[in-house]
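Participant: Structure supplied as data00.cif; contents: mmCIF, C-alpha atoms.
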```cif
data_work
loop_
_atom_site.label_atom_id
_atom_site.label_comp_id
_atom_site.auth_asym_id
_atom_site.auth_seq_id
_atom_site.Cartn_x
_atom_site.Cartn_y
_atom_site.Cartn_z
CA ALA A 1 84.73 87.94 121.08
CA ALA A 2 86.26 89.84 118.20
CA SER A 3 89.97 90.59 118.27
CA PRO A 4 91.13 94.24 118.46
CA ALA A 5 92.15 94.11 114.79
CA GLU A 6 88.74 92.78 113.74
CA ALA A 7 87.02 95.47 115.84
CA ARG A 8 89.06 98.21 114.13
CA ARG A 9 88.20 96.82 110.69
CA ALA A 10 84.51 96.74 111.61
CA ARG A 11 84.60 100.38 112.70
CA ARG A 12 86.24 101.44 109.45
CA GLY A 13 83.42 100.03 107.38
CA ALA A 14 83.46 98.74 103.81
CA PRO A 15 85.69 100.40 101.20
CA ALA A 16 84.01 102.98 98.98
CA GLU A 17 83.13 102.19 95.37
CA ARG A 18 84.82 104.77 93.15
CA THR A 19 85.32 105.30 89.43
CA ALA A 20 87.83 107.21 87.32
CA PRO A 21 87.42 108.75 83.86
CA ARG A 22 88.98 106.83 80.98
CA ARG A 23 90.36 108.81 78.05
CA SER A 24 92.43 108.31 74.94
CA SER A 25 95.78 110.07 74.68
CA ASP A 26 94.20 112.72 72.41
CA GLY A 27 91.55 113.54 75.03
CA GLY A 28 88.70 111.42 73.65
CA ASP A 29 86.13 110.26 76.22
CA LEU A 30 86.08 106.47 76.68
CA GLY A 31 83.70 106.34 79.63
CA THR A 32 84.67 105.43 83.19
CA VAL A 33 86.62 102.66 84.89
CA ALA A 34 85.64 100.98 88.15
CA LEU A 35 88.52 101.31 90.60
CA ASP A 36 89.49 98.52 92.95
CA PRO A 37 87.82 99.39 96.31
CA ALA A 38 90.60 97.76 98.34
CA THR A 39 93.16 100.03 96.63
CA PHE A 40 91.26 103.25 95.93
CA GLY A 41 88.35 103.18 98.38
CA ILE A 42 89.78 102.90 101.90
CA GLU A 43 89.94 105.55 104.60
CA PRO A 44 93.50 106.96 104.47
CA ASN A 45 95.57 106.07 107.51
CA GLN A 46 97.40 109.32 108.21
CA ALA A 47 99.63 107.89 110.94
CA VAL A 48 100.92 105.14 108.66
CA LEU A 49 101.32 107.60 105.79
CA HIS A 50 103.44 109.88 107.96
CA GLN A 51 105.65 107.06 109.21
CA VAL A 52 106.21 105.52 105.77
CA VAL A 53 106.90 108.82 104.01
CA THR A 54 109.27 109.89 106.79
CA ALA A 55 111.13 106.59 106.49
CA GLN A 56 111.33 106.94 102.70
CA LEU A 57 112.77 110.46 102.91
CA ALA A 58 115.20 109.36 105.62
CA ALA A 59 116.43 106.44 103.52
CA ALA A 60 117.12 108.86 100.65
CA ARG A 61 119.65 110.79 102.76
CA SER A 62 123.25 110.09 101.79
CA GLY A 63 124.51 110.19 105.37
CA THR A 64 128.05 111.18 104.30
CA GLN A 65 128.48 114.12 106.71
CA SER A 66 131.66 113.84 108.81
CA THR A 67 133.56 115.95 111.32
CA LYS A 68 137.03 115.39 112.75
CA THR A 69 137.59 114.52 116.38
CA ARG A 70 140.63 115.74 118.33
CA ALA A 71 142.40 112.55 117.32
CA GLU A 72 141.86 113.24 113.59
CA VAL A 73 142.77 116.96 113.43
CA ARG A 74 146.33 117.54 112.26
CA GLY A 75 148.77 118.75 114.91
CA GLY A 76 148.42 119.03 118.67
CA GLY A 77 150.85 116.25 119.41
CA SER A 78 152.93 118.14 121.95
CA LYS A 79 151.83 119.70 125.21
CA PRO A 80 151.45 123.50 124.60
CA TRP A 81 153.13 124.46 127.88
CA SER A 82 154.19 122.91 131.12
CA GLN A 83 151.63 121.72 133.55
CA LYS A 84 152.55 124.13 136.33
CA GLY A 85 154.17 127.45 136.81
CA THR A 86 152.76 129.46 133.88
CA GLY A 87 149.59 130.74 135.53
CA ARG A 88 147.56 129.46 132.63
CA ALA A 89 144.93 126.75 132.64
CA ARG A 90 146.21 123.24 132.18
CA ALA A 91 146.35 122.08 128.55
CA GLY A 92 147.49 118.79 127.09
CA SER A 93 146.84 119.47 123.40
CA SER A 94 146.13 122.44 121.17
CA ARG A 95 143.51 120.36 119.36
CA SER A 96 141.17 120.02 122.32
CA PRO A 97 137.51 120.73 121.42
CA VAL A 98 137.61 123.89 123.57
CA TRP A 99 140.39 125.36 121.43
CA VAL A 100 139.95 127.27 118.18
CA GLY A 101 141.05 124.90 115.42
CA GLY A 102 140.55 121.91 117.66
CA GLY A 103 138.50 118.79 117.08
CA ILE A 104 134.70 118.55 117.22
CA ALA A 105 133.18 116.82 120.22
CA LEU A 106 130.23 114.53 119.47
CA GLY A 107 130.00 115.76 115.87
CA PRO A 108 128.19 113.90 113.06
CA LYS A 109 129.81 110.88 111.46
CA PRO A 110 128.84 108.87 108.35
CA ARG A 111 125.78 106.76 109.12
CA SER A 112 122.71 105.24 107.55
CA TYR A 113 119.36 106.92 108.20
CA ALA A 114 117.36 103.99 106.85
CA GLN A 115 114.43 102.83 108.97
CA ARG A 116 112.95 99.38 108.90
CA THR A 117 109.36 99.60 107.69
CA PRO A 118 107.13 96.50 107.52
CA LYS A 119 105.87 95.60 104.05
CA LYS A 120 102.24 95.76 105.16
CA MET A 121 102.71 99.34 106.33
CA ILE A 122 104.26 100.31 102.99
CA GLN A 123 101.33 98.71 101.14
CA LEU A 124 98.77 100.39 103.41
CA ALA A 125 100.45 103.77 102.91
CA LEU A 126 100.31 103.38 99.13
CA ARG A 127 96.64 102.37 99.21
CA SER A 128 95.92 105.31 101.53
CA ALA A 129 97.62 107.76 99.16
CA LEU A 130 95.80 106.37 96.11
CA SER A 131 92.49 106.46 97.98
CA ASP A 132 93.10 110.11 98.85
CA ARG A 133 93.70 111.01 95.20
CA ALA A 134 90.67 108.98 94.10
CA ALA A 135 88.47 110.75 96.67
CA LEU A 136 89.64 114.08 95.23
CA GLU A 137 88.84 112.78 91.70
CA GLN A 138 92.44 113.24 90.64
CA VAL A 139 92.97 109.77 89.16
CA LEU A 140 92.84 109.40 85.37
CA VAL A 141 93.12 106.33 83.17
CA VAL A 142 94.47 106.52 79.60
CA ASP A 143 93.91 103.54 77.32
CA ARG A 144 97.51 103.71 76.04
CA TRP A 145 100.16 106.19 74.95
CA ALA A 146 100.12 105.92 71.16
CA TRP A 147 103.68 106.97 70.34
CA ASP A 148 106.08 104.87 68.35
CA GLU A 149 108.92 107.37 68.84
CA PRO A 150 109.61 109.84 71.69
CA SER A 151 107.93 113.21 71.23
CA THR A 152 108.01 115.94 73.87
CA LYS A 153 105.68 118.04 71.72
CA GLY A 154 103.23 115.15 71.63
CA ALA A 155 103.44 114.77 75.43
CA VAL A 156 102.64 118.46 75.95
CA ALA A 157 99.70 118.21 73.57
CA ALA A 158 98.41 115.07 75.31
CA LEU A 159 98.48 116.70 78.76
CA ALA A 160 96.66 119.75 77.38
CA ALA A 161 94.03 117.55 75.71
CA LEU A 162 93.50 115.63 78.96
CA GLY A 163 93.13 118.87 80.91
CA LEU A 164 95.82 118.04 83.46
CA GLU A 165 97.22 120.97 85.43
CA GLY A 166 99.82 121.08 88.20
CA ARG A 167 102.20 118.23 88.95
CA VAL A 168 101.38 114.98 87.17
CA LEU A 169 102.54 111.45 88.02
CA VAL A 170 102.46 109.15 84.97
CA VAL A 171 102.59 105.42 85.73
CA LEU A 172 103.95 103.39 82.81
CA GLY A 173 104.53 99.77 81.90
CA GLU A 174 107.77 98.08 80.92
CA ASP A 175 107.08 98.56 77.18
CA ASP A 176 106.17 102.27 77.33
CA TRP A 177 109.72 103.46 76.57
CA ALA A 178 108.53 106.04 74.02
CA ALA A 179 106.19 107.64 76.57
CA ASP A 180 108.96 107.60 79.17
CA ARG A 181 111.27 109.56 76.86
CA SER A 182 108.44 111.87 75.79
CA PHE A 183 107.64 113.03 79.33
CA ALA A 184 111.28 113.14 80.48
CA ASN A 185 111.87 116.80 79.51
CA LEU A 186 108.76 118.15 81.27
CA PRO A 187 109.68 119.45 84.76
CA HIS A 188 106.14 119.16 86.16
CA VAL A 189 105.74 115.51 85.10
CA GLN A 190 107.15 112.56 87.03
CA VAL A 191 107.34 109.13 85.40
CA LEU A 192 107.38 105.85 87.32
CA LEU A 193 107.08 102.21 86.41
CA ALA A 194 104.11 100.42 87.96
CA GLY A 195 106.42 98.45 90.24
CA GLU A 196 108.02 101.67 91.55
CA LEU A 197 104.76 103.32 92.66
CA ASN A 198 105.01 104.61 96.24
CA ALA A 199 103.09 106.77 98.70
CA HIS A 200 105.48 109.75 98.69
CA ASP A 201 105.39 110.25 94.90
CA VAL A 202 101.60 109.95 94.86
CA LEU A 203 101.23 112.63 97.54
CA VAL A 204 103.65 115.16 96.03
CA ASN A 205 101.80 115.14 92.69
CA ASP A 206 98.37 116.57 91.97
CA TRP A 207 97.28 113.98 89.38
CA VAL A 208 97.98 110.27 89.02
CA VAL A 209 97.64 108.94 85.46
CA PHE A 210 97.51 105.20 84.78
CA THR A 211 97.14 103.20 81.61
CA ASP A 212 94.82 100.21 81.22
CA GLU A 213 97.84 97.99 81.78
CA THR A 214 99.25 99.71 84.90
CA LEU A 215 96.00 100.48 86.77
CA PRO A 216 96.05 98.55 90.10
CA GLY A 217 93.24 96.02 90.28
CA THR A 218 93.05 95.37 86.54
CA THR A 219 93.77 91.92 85.17
CA VAL A 220 95.47 90.97 81.91
CA GLU A 221 94.38 87.58 80.57
CA VAL A 222 96.04 85.86 77.61
CA VAL A 223 93.14 84.47 75.60
CA GLU A 224 94.98 83.40 72.46
CA LEU A 225 98.55 82.61 71.42
CA ASP A 226 99.37 81.81 67.79
CA ILE A 227 102.78 80.76 66.51
CA ALA A 228 103.47 80.83 62.77
CA ILE A 229 106.60 79.59 61.03
CA VAL A 230 107.85 81.44 57.93
CA GLU A 231 109.82 79.39 55.38
CA ASP A 232 111.72 80.43 52.29
CA ALA A 233 111.47 78.88 48.82
CA GLU A 234 113.82 76.06 49.80
CA GLY A 235 111.76 75.12 52.85
CA ASP A 236 114.20 76.54 55.40
CA VAL A 237 112.77 78.32 58.45
CA VAL A 238 113.64 82.01 58.27
CA ALA A 239 111.40 83.47 61.02
CA VAL A 240 108.97 82.61 63.79
CA VAL A 241 105.96 84.92 64.28
CA GLU A 242 104.25 84.87 67.69
CA THR A 243 100.88 86.65 68.03
CA GLU A 244 99.47 87.12 71.55
CA THR A 245 95.96 88.42 72.25
CA ASP A 246 95.40 89.89 75.75
CA VAL A 247 92.14 91.02 77.34
CA ILE A 248 92.41 93.77 79.98
CA GLU A 249 89.59 93.94 82.55
CA ASP A 250 88.90 96.41 85.37
CA ALA A 251 87.94 95.60 88.97
CA ASP A 252 84.30 94.92 87.96
CA GLY A 253 85.30 92.52 85.19
CA GLN A 254 84.46 95.01 82.45
CA VAL A 255 86.62 94.58 79.34
CA LEU A 256 88.68 97.74 78.84
CA GLU A 257 90.80 96.75 75.87
CA VAL A 258 91.85 93.84 73.69
CA VAL A 259 95.55 94.07 72.84
CA GLU A 260 97.19 92.06 70.08
CA THR A 261 100.98 91.87 70.15
CA GLU A 262 103.05 90.40 67.33
CA THR A 263 106.66 89.33 67.85
CA VAL A 264 108.89 88.31 64.94
CA VAL A 265 112.05 86.34 65.67
CA ALA A 266 114.46 85.91 62.74
CA VAL A 267 116.24 82.57 62.45
CA GLU A 268 119.84 82.76 61.28
CA GLU A 269 121.25 80.05 59.04
CA GLU A 270 123.84 77.75 60.58
CA GLY A 271 127.37 78.65 59.59
CA SER A 272 126.42 82.15 58.42
CA GLU A 273 128.74 84.98 59.38
CA ALA A 274 127.35 87.77 61.57
#
```
Starting from the file, give its structure as structure tokens.

Facilitator:
Amino acid sequence: AASPAEARRARRGAPAERTAPRRSSDGGDLGTVALDPATFGIEPNQAVLHQVVTAQLAAARSGTQSTKTRAEVRGGGSKPWSQKGTGRARAGSSRSPVWVGGGIALGPKPRSYAQRTPKKMIQLALRSALSDRAALEQVLVVDRWAWDEPSTKGAVAALAALGLEGRVLVVLGEDDWAADRSFANLPHVQVLLAGELNAHDVLVNDWVVFTDETLPGTTVEVVELDIAIVEDAEGDVVAVVETETDVIEDADGQVLEVVETETVVAVEEEGSEA
């Protein structure tokens, strides 16, 4: 007999096959990209989404609120009046919680609001959020952001050329520092590294924009690595040039882009002053 988990998976059915448009940063049409069904094609689990997003917002609370108890309020060390003979109610301190200016009973104290959330729930919530955006056709893939220097004007022009309206989440790679700085001044654009992608930020934005490198489900394969040594007239090594050729493929194995990266490392002479 099938286990309860297997029965639930059988009822959910197979993930949907979905695609996303692929564009250049200037708006040029580059066809479509097959999205990973396990990431973009599942039925969103609303209960898990709610629990994970609630836990994420709770963990973001500072938890620094604090009130003073009757022991922490200044004053109130002496008994206001004698126990008997005044006709008044008994009182041992003027800082009792029932007095004006007294301490707070059961008030908030500094605490952590963090909730423990299993990793599998966090992953399922992210896949549910991405599947929701893919079902609404609000996932876009850009081949790369072709900026050598930060340019807010260029970022505005790129968003207009891509036809993106509303709040936009741009997912970048580690080397996309120019794009990060370009989008930083736009209030309706949120920038995240691929490793920081989470369910809450996907849901609060209308569009999710990936690059070929950051799209979940794509693979980057190093197909060639060349190392060249540069020597001067005397035969001394002055630099080492490393050229790496990467092939980026989507979930269907279709080649999206071939990227060639060249790194030059200068070799300093021994005994030379910096």

Participant: Closest to Val209 in chain A among A:Gly63, A:Gly102, A:Gly163, A:Pro108, using all atoms listed in the file?

Facilitator: A:Gly163

Participant: Choose the residue, out of A:Ser78, A:Asn198, A:Thr69, A:Ser62, that has the smallest atom-to-atom separation from Leu124 in chain A; count all atoms listed in the file.

Facilitator: A:Asn198

Participant: Separation of CA of Ser24 in chain A and CA of Phe210 in chain A, in Å?

Facilitator: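 Result for CA of Ser24 in chain A versus CA of Phe210 in chain A: 11.5 Å, one decimal.
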
Participant: Near Arg61 in chain A, counting all atoms listed in the file, which residues have an atom at most 8 Å away, once you skip same-chain residues fewer than 4 positions from it, shown as a list of chain:residue names?

Facilitator: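 With the cut-off at 8 Å, the set is A:Leu57, A:Ser112, A:Tyr113.
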
Participant: Using only C-alpha atoms, which residues sit within 10 Å of range 118-123 of chain A once same-chain residues fewer than 6 positions away are excluded, as a PyMOL selection string?

Facilitator: chain A and resi 39+45+48-49+51-53+55-56+129+198-199

Participant: One decimal, in Å: what's the spacing between CA of Pro216 in chain A and CA of Val142 in chain A?

Facilitator: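 Between these atoms lies a distance of 13.3 Å.
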
Participant: Could you check how far CA of Glu268 in chain A sits from CA of Val238 in chain A, in Å to one decimal?

Facilitator: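 Taking CA of Glu268 in chain A as the start and CA of Val238 in chain A as the end point, the length is 6.9 Å.
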
Participant: Once the PyMOL selection byres ((chain A and resi 206) around 12) is applied to the coordinates I shared, what remains selected? I want it as a PyMOL selection string.

Facilitator: chain A and resi 129-130+132-134+136-140+164-170+188-190+200-205+207-209

Participant: Write out as a VMD selection string the residues lying within 12 Å of Trp147 in chain A, counting all atoms listed in the file and excluding same-chain residues fewer than 3 positions away.

Facilitator: chain A and resid 25 to 26 144 150 to 155 158 175 to 183

Participant: Taking the structure I provided as the source, export range 56-83 of chain A with N, CA, C and O atoms, as a short mmCIF file (atom, residue, chain, number, x, y, z; two decimals), in the first residue's frame.

Facilitator:
```cif
data_model
loop_
_atom_site.label_atom_id
_atom_site.label_comp_id
_atom_site.auth_asym_id
_atom_site.auth_seq_id
_atom_site.Cartn_x
_atom_site.Cartn_y
_atom_site.Cartn_z
N GLN A 56 9.19 34.33 8.22
CA GLN A 56 10.21 35.25 7.72
C GLN A 56 9.96 36.67 8.22
O GLN A 56 10.89 37.37 8.64
N LEU A 57 8.71 37.10 8.22
CA LEU A 57 8.38 38.44 8.72
C LEU A 57 8.59 38.52 10.23
O LEU A 57 9.01 39.55 10.75
N ALA A 58 8.30 37.43 10.93
CA ALA A 58 8.51 37.43 12.37
C ALA A 58 9.99 37.52 12.71
O ALA A 58 10.39 38.23 13.65
N ALA A 59 10.82 36.81 11.96
CA ALA A 59 12.26 36.83 12.22
C ALA A 59 12.86 38.20 11.94
O ALA A 59 13.91 38.54 12.48
N ALA A 60 12.19 39.00 11.10
CA ALA A 60 12.71 40.33 10.78
C ALA A 60 12.41 41.35 11.87
O ALA A 60 12.96 42.45 11.86
N ARG A 61 11.56 41.00 12.84
CA ARG A 61 11.24 41.92 13.93
C ARG A 61 12.45 42.07 14.85
O ARG A 61 13.13 41.09 15.17
N SER A 62 12.69 43.27 15.31
CA SER A 62 13.86 43.52 16.16
C SER A 62 13.66 42.96 17.56
O SER A 62 14.62 42.52 18.20
N GLY A 63 12.42 42.99 18.04
CA GLY A 63 12.15 42.45 19.37
C GLY A 63 12.81 43.22 20.50
O GLY A 63 13.17 42.64 21.53
N THR A 64 12.99 44.53 20.36
CA THR A 64 13.69 45.33 21.38
C THR A 64 12.73 46.07 22.30
O THR A 64 13.18 46.87 23.13
N GLN A 65 11.41 45.85 22.15
CA GLN A 65 10.46 46.55 23.01
C GLN A 65 10.68 46.14 24.47
O GLN A 65 11.01 44.99 24.76
N SER A 66 10.50 47.09 25.40
CA SER A 66 10.74 46.79 26.81
C SER A 66 9.96 47.75 27.69
O SER A 66 9.91 48.96 27.42
N THR A 67 9.32 47.21 28.72
CA THR A 67 8.63 48.03 29.71
C THR A 67 9.24 47.74 31.09
O THR A 67 9.87 46.70 31.28
N LYS A 68 9.05 48.66 32.01
CA LYS A 68 9.63 48.51 33.34
C LYS A 68 8.61 47.90 34.31
O LYS A 68 7.44 48.32 34.34
N THR A 69 9.06 46.94 35.07
CA THR A 69 8.23 46.38 36.12
C THR A 69 8.29 47.27 37.36
O THR A 69 9.04 48.27 37.39
N ARG A 70 7.54 46.94 38.40
CA ARG A 70 7.55 47.74 39.61
C ARG A 70 8.91 47.74 40.29
O ARG A 70 9.25 48.68 41.02
N ALA A 71 9.72 46.72 39.99
CA ALA A 71 11.05 46.66 40.58
C ALA A 71 12.03 47.56 39.83
O ALA A 71 13.08 47.94 40.38
N GLU A 72 11.71 47.94 38.59
CA GLU A 72 12.64 48.72 37.77
C GLU A 72 12.29 50.20 37.73
O GLU A 72 13.12 51.03 37.34
N VAL A 73 11.06 50.58 38.10
CA VAL A 73 10.67 51.99 38.11
C VAL A 73 11.34 52.69 39.28
O VAL A 73 11.39 52.15 40.40
N ARG A 74 11.86 53.89 39.03
CA ARG A 74 12.55 54.63 40.09
C ARG A 74 11.56 55.06 41.17
O ARG A 74 10.45 55.52 40.88
N GLY A 75 11.99 54.94 42.43
CA GLY A 75 11.19 55.38 43.55
C GLY A 75 10.34 54.24 44.12
O GLY A 75 10.47 53.07 43.75
N GLY A 76 9.45 54.61 45.05
CA GLY A 76 8.55 53.61 45.62
C GLY A 76 9.18 52.73 46.67
O GLY A 76 8.64 51.67 47.00
N GLY A 77 10.31 53.16 47.22
CA GLY A 77 10.99 52.29 48.17
C GLY A 77 10.37 52.28 49.55
O GLY A 77 10.51 51.31 50.29
N SER A 78 9.67 53.35 49.89
CA SER A 78 9.09 53.43 51.24
C SER A 78 7.58 53.21 51.17
O SER A 78 6.93 53.51 50.16
N LYS A 79 7.03 52.76 52.25
CA LYS A 79 5.58 52.53 52.32
C LYS A 79 4.87 53.89 52.35
O LYS A 79 5.23 54.76 53.16
N PRO A 80 3.90 54.14 51.45
CA PRO A 80 3.28 55.48 51.37
C PRO A 80 2.65 55.94 52.68
O PRO A 80 2.75 57.11 53.05
N TRP A 81 1.97 55.07 53.37
CA TRP A 81 1.37 55.39 54.67
C TRP A 81 1.26 54.11 55.49
O TRP A 81 1.52 53.01 54.99
N SER A 82 0.91 54.31 56.73
CA SER A 82 0.87 53.16 57.64
C SER A 82 -0.21 52.18 57.21
O SER A 82 -1.17 52.54 56.52
N GLN A 83 -0.02 50.98 57.66
CA GLN A 83 -0.94 49.92 57.25
C GLN A 83 -2.36 50.17 57.76
O GLN A 83 -3.31 49.92 57.02
#
```
